[in-house]
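Beneath this line is the structure, given in structure tokens, with notes to follow.
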Amino acid sequence: MADEVLDGPYRLVAIDVREDMSLCRSMGAEGDCSGDGLPKPTVFQAGANSQYVVLARHPWRGNGAPDRSVTEFYYIVRQADERNIRKRVPVMGPFTELEYQQEKNRLQLPEFSKVFRDLK
């Protein structure tokens with residue numbers, strides 16, 4: 001199991017195995033986490049600043065394992081009420097690496113500050 005705070009209510013969590021690594025939002029004081037509407041596993045890089053949360057993941061295929069030959073990139077536009085679990089998170093993506101680099105340059109997206117090399 002892994003549970004690391006990324007920034008604000010955003011956490012990187014893997015429940016059973018590391019390949020389950022996902023982005024989620026904290027709910028309340030009990031430490032519960034919701035991934036509703038957020039990209040699913042396997043997240044292997046993530047970062048954040050005051051405006052955006054960024055992540056890269058390998059999508060899962062029908063065999064129940066991450067396809068490491070494919071990388072998808074996403075970013076989330078942060079909002080003042082991002083702790084409100086009833087409010088849907090605006091997720092942009094998936095992007096190819098080229099598309100993501102263009103968005104990164106255009107919006108000045110943050111660098112990936114958390115990298116899980118064993119999942120890359």
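Residue numbering restarts at 1 in every chain; chains get A, B, ... in the order shown in the structure tokens, and ligands count up from 1 in that same order.
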Shell around Asp3 in chain A at 12 Å using only C-alpha atoms, local window under 3 positions removed, as a ChimeraX atom specification: /A:6,10-18,20-26,31-33
Residues flagged helix (DSSP H, G or I) by DSSP in chain A, as a PyMOL selection string: chain A and resi 18-20+97-107
Pull N, CA, C and O atoms from the residues just selected and write them as a PDB file, in the first residue's frame.
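To be explicit, this is the file written out as part03.pdb:
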ATOM      1  N   ARG A  18       1.344  -1.792  -6.120  1.00  0.00           N
ATOM      2  CA  ARG A  18       1.806  -0.479  -6.588  1.00  0.00           C
ATOM      3  C   ARG A  18       1.238  -0.121  -7.954  1.00  0.00           C
ATOM      4  O   ARG A  18       1.057   1.050  -8.260  1.00  0.00           O
ATOM      5  N   GLU A  19       0.933  -1.111  -8.793  1.00  0.00           N
ATOM      6  CA  GLU A  19       0.356  -0.836 -10.108  1.00  0.00           C
ATOM      7  C   GLU A  19      -1.029  -0.199 -10.006  1.00  0.00           C
ATOM      8  O   GLU A  19      -1.550   0.306 -10.992  1.00  0.00           O
ATOM      9  N   ASP A  20      -1.639  -0.221  -8.814  1.00  0.00           N
ATOM     10  CA  ASP A  20      -2.940   0.428  -8.577  1.00  0.00           C
ATOM     11  C   ASP A  20      -2.813   1.934  -8.369  1.00  0.00           C
ATOM     12  O   ASP A  20      -3.811   2.603  -8.110  1.00  0.00           O
ATOM     13  N   GLU A  97       2.403  12.530 -25.634  1.00  0.00           N
ATOM     14  CA  GLU A  97       3.533  13.281 -25.103  1.00  0.00           C
ATOM     15  C   GLU A  97       3.715  14.603 -25.844  1.00  0.00           C
ATOM     16  O   GLU A  97       3.950  15.640 -25.220  1.00  0.00           O
ATOM     17  N   LEU A  98       3.581  14.596 -27.166  1.00  0.00           N
ATOM     18  CA  LEU A  98       3.722  15.823 -27.957  1.00  0.00           C
ATOM     19  C   LEU A  98       2.634  16.824 -27.602  1.00  0.00           C
ATOM     20  O   LEU A  98       2.924  18.011 -27.381  1.00  0.00           O
ATOM     21  N   GLU A  99       1.400  16.372 -27.533  1.00  0.00           N
ATOM     22  CA  GLU A  99       0.289  17.266 -27.166  1.00  0.00           C
ATOM     23  C   GLU A  99       0.492  17.838 -25.776  1.00  0.00           C
ATOM     24  O   GLU A  99       0.250  19.025 -25.537  1.00  0.00           O
ATOM     25  N   TYR A 100       0.953  16.989 -24.863  1.00  0.00           N
ATOM     26  CA  TYR A 100       1.177  17.441 -23.488  1.00  0.00           C
ATOM     27  C   TYR A 100       2.283  18.498 -23.439  1.00  0.00           C
ATOM     28  O   TYR A 100       2.146  19.505 -22.740  1.00  0.00           O
ATOM     29  N   GLN A 101       3.358  18.293 -24.174  1.00  0.00           N
ATOM     30  CA  GLN A 101       4.449  19.282 -24.196  1.00  0.00           C
ATOM     31  C   GLN A 101       3.955  20.620 -24.722  1.00  0.00           C
ATOM     32  O   GLN A 101       4.354  21.686 -24.226  1.00  0.00           O
ATOM     33  N   GLN A 102       3.068  20.590 -25.699  1.00  0.00           N
ATOM     34  CA  GLN A 102       2.496  21.832 -26.218  1.00  0.00           C
ATOM     35  C   GLN A 102       1.644  22.518 -25.139  1.00  0.00           C
ATOM     36  O   GLN A 102       1.729  23.738 -24.962  1.00  0.00           O
ATOM     37  N   GLU A 103       0.833  21.759 -24.433  1.00  0.00           N
ATOM     38  CA  GLU A 103       0.026  22.309 -23.343  1.00  0.00           C
ATOM     39  C   GLU A 103       0.921  22.815 -22.212  1.00  0.00           C
ATOM     40  O   GLU A 103       0.659  23.864 -21.625  1.00  0.00           O
ATOM     41  N   LYS A 104       1.970  22.082 -21.910  1.00  0.00           N
ATOM     42  CA  LYS A 104       2.904  22.478 -20.853  1.00  0.00           C
ATOM     43  C   LYS A 104       3.535  23.832 -21.175  1.00  0.00           C
ATOM     44  O   LYS A 104       3.615  24.709 -20.311  1.00  0.00           O
ATOM     45  N   ASN A 105       3.958  24.002 -22.418  1.00  0.00           N
ATOM     46  CA  ASN A 105       4.551  25.282 -22.828  1.00  0.00           C
ATOM     47  C   ASN A 105       3.520  26.405 -22.830  1.00  0.00           C
ATOM     48  O   ASN A 105       3.807  27.518 -22.394  1.00  0.00           O
ATOM     49  N   ARG A 106       2.335  26.105 -23.312  1.00  0.00           N
ATOM     50  CA  ARG A 106       1.278  27.120 -23.412  1.00  0.00           C
ATOM     51  C   ARG A 106       0.814  27.588 -22.036  1.00  0.00           C
ATOM     52  O   ARG A 106       0.622  28.780 -21.805  1.00  0.00           O
ATOM     53  N   LEU A 107       0.645  26.659 -21.098  1.00  0.00           N
ATOM     54  CA  LEU A 107       0.070  26.980 -19.793  1.00  0.00           C
ATOM     55  C   LEU A 107       1.104  27.075 -18.665  1.00  0.00           C
ATOM     56  O   LEU A 107       0.751  27.407 -17.543  1.00  0.00           O
TER      57      LEU A 107
END
Nearest to Leu109 in chain A by atom-to-atom distance, counting only C-alpha atoms, from A:Val43, A:Met1, A:Leu38, A:Val77: A:Val77
Ala65 in chain A environment, 9 Å, only C-alpha atoms, sequence neighbours closer than 5 positions dropped, as a PyMOL selection string: chain A and resi 19+42+59-60
Could you write out that same residue set with all heavy atoms as a CSV table (one decimal), in the first residue's frame?
chain,number,residue,atom,x,y,z
A,19,GLU,N,0.9,-1.1,-8.8
A,19,GLU,CA,0.4,-0.8,-10.1
A,19,GLU,C,-1.0,-0.2,-10.0
A,19,GLU,O,-1.6,0.3,-11.0
A,19,GLU,CB,0.3,-2.1,-10.9
A,19,GLU,CG,1.6,-2.5,-11.5
A,19,GLU,CD,2.5,-3.3,-10.5
A,19,GLU,OE1,2.0,-3.7,-9.4
A,19,GLU,OE2,3.7,-3.4,-10.8
A,42,THR,N,-2.3,3.2,-14.2
A,42,THR,CA,-1.3,3.3,-13.2
A,42,THR,C,-0.6,4.6,-13.4
A,42,THR,O,0.1,4.9,-14.4
A,42,THR,CB,-0.2,2.2,-13.5
A,42,THR,OG1,-0.8,0.9,-13.2
A,42,THR,CG2,1.0,2.3,-12.6
A,59,PRO,N,-2.2,3.3,-19.1
A,59,PRO,CA,-3.6,2.8,-19.0
A,59,PRO,C,-3.5,1.3,-18.9
A,59,PRO,O,-2.6,0.6,-19.3
A,59,PRO,CB,-4.2,3.2,-20.3
A,59,PRO,CG,-3.1,3.4,-21.3
A,59,PRO,CD,-1.9,3.8,-20.4
A,60,TRP,N,-4.6,0.7,-18.3
A,60,TRP,CA,-4.7,-0.7,-18.1
A,60,TRP,C,-5.4,-1.2,-19.4
A,60,TRP,O,-6.3,-0.6,-19.9
A,60,TRP,CB,-5.5,-1.1,-16.9
A,60,TRP,CG,-4.7,-0.9,-15.6
A,60,TRP,CD1,-3.8,0.1,-15.4
A,60,TRP,CD2,-4.6,-1.8,-14.5
A,60,TRP,NE1,-3.2,-0.1,-14.1
A,60,TRP,CE2,-3.7,-1.3,-13.6
A,60,TRP,CE3,-5.3,-3.0,-14.2
A,60,TRP,CZ2,-3.5,-1.9,-12.4
A,60,TRP,CZ3,-5.1,-3.6,-13.0
A,60,TRP,CH2,-4.1,-3.1,-12.1
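Coordinates place CA of Gly62 in chain A at a distance of 26.5 Å from CA of Val89 in chain A.
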Option closest in space to Lys114 in chain A, from A:Asn84, A:Thr96, A:Gln79, A:Gln45 [counting only C-alpha atoms]: A:Gln45
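Among the candidates A:Val54, A:Arg117, A:Ala48, A:Gly35, the residue lying nearest to Met92 in chain A is A:Val54 (atoms considered: only C-alpha atoms).
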Spatial neighbours of Leu55 in chain A, max dist 7 Å, only C-alpha atoms, sep filter under 4 positions, as an MDAnalysis selection string: chainID A and resid 43 45:47 73:75
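CA of Ala80 in chain A to CA of Asn49 in chain A spans 13.1 Å [interatomic distance, one decimal].
Among A:Pro90, A:Pro39, A:Pro9, A:Pro110, the residue with the shortest atom-to-atom distance to Ala56 in chain A, counting only C-alpha atoms, is A:Pro39.
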Shortest interatomic distance to Gly37 in chain A - which of A:Ile85, A:Arg57, A:Val91, A:Asn63, counting only C-alpha atoms: A:Val91
All strand (DSSP E or B) residues (DSSP, backbone) inside chain A, as JSON, numbers by chain: {"A": [2, 3, 4, 5, 6, 7, 10, 11, 12, 13, 14, 22, 23, 24, 25, 26, 27, 32, 33, 34, 43, 44, 45, 46, 47, 48, 52, 53, 54, 55, 56, 57, 60, 66, 72, 73, 74, 75, 76, 77, 91, 92, 93, 94, 95, 114, 115]}
Atom pair CA of Asp118 in chain A / CA of Glu4 in chain A: separation (Å): 15.6 Å
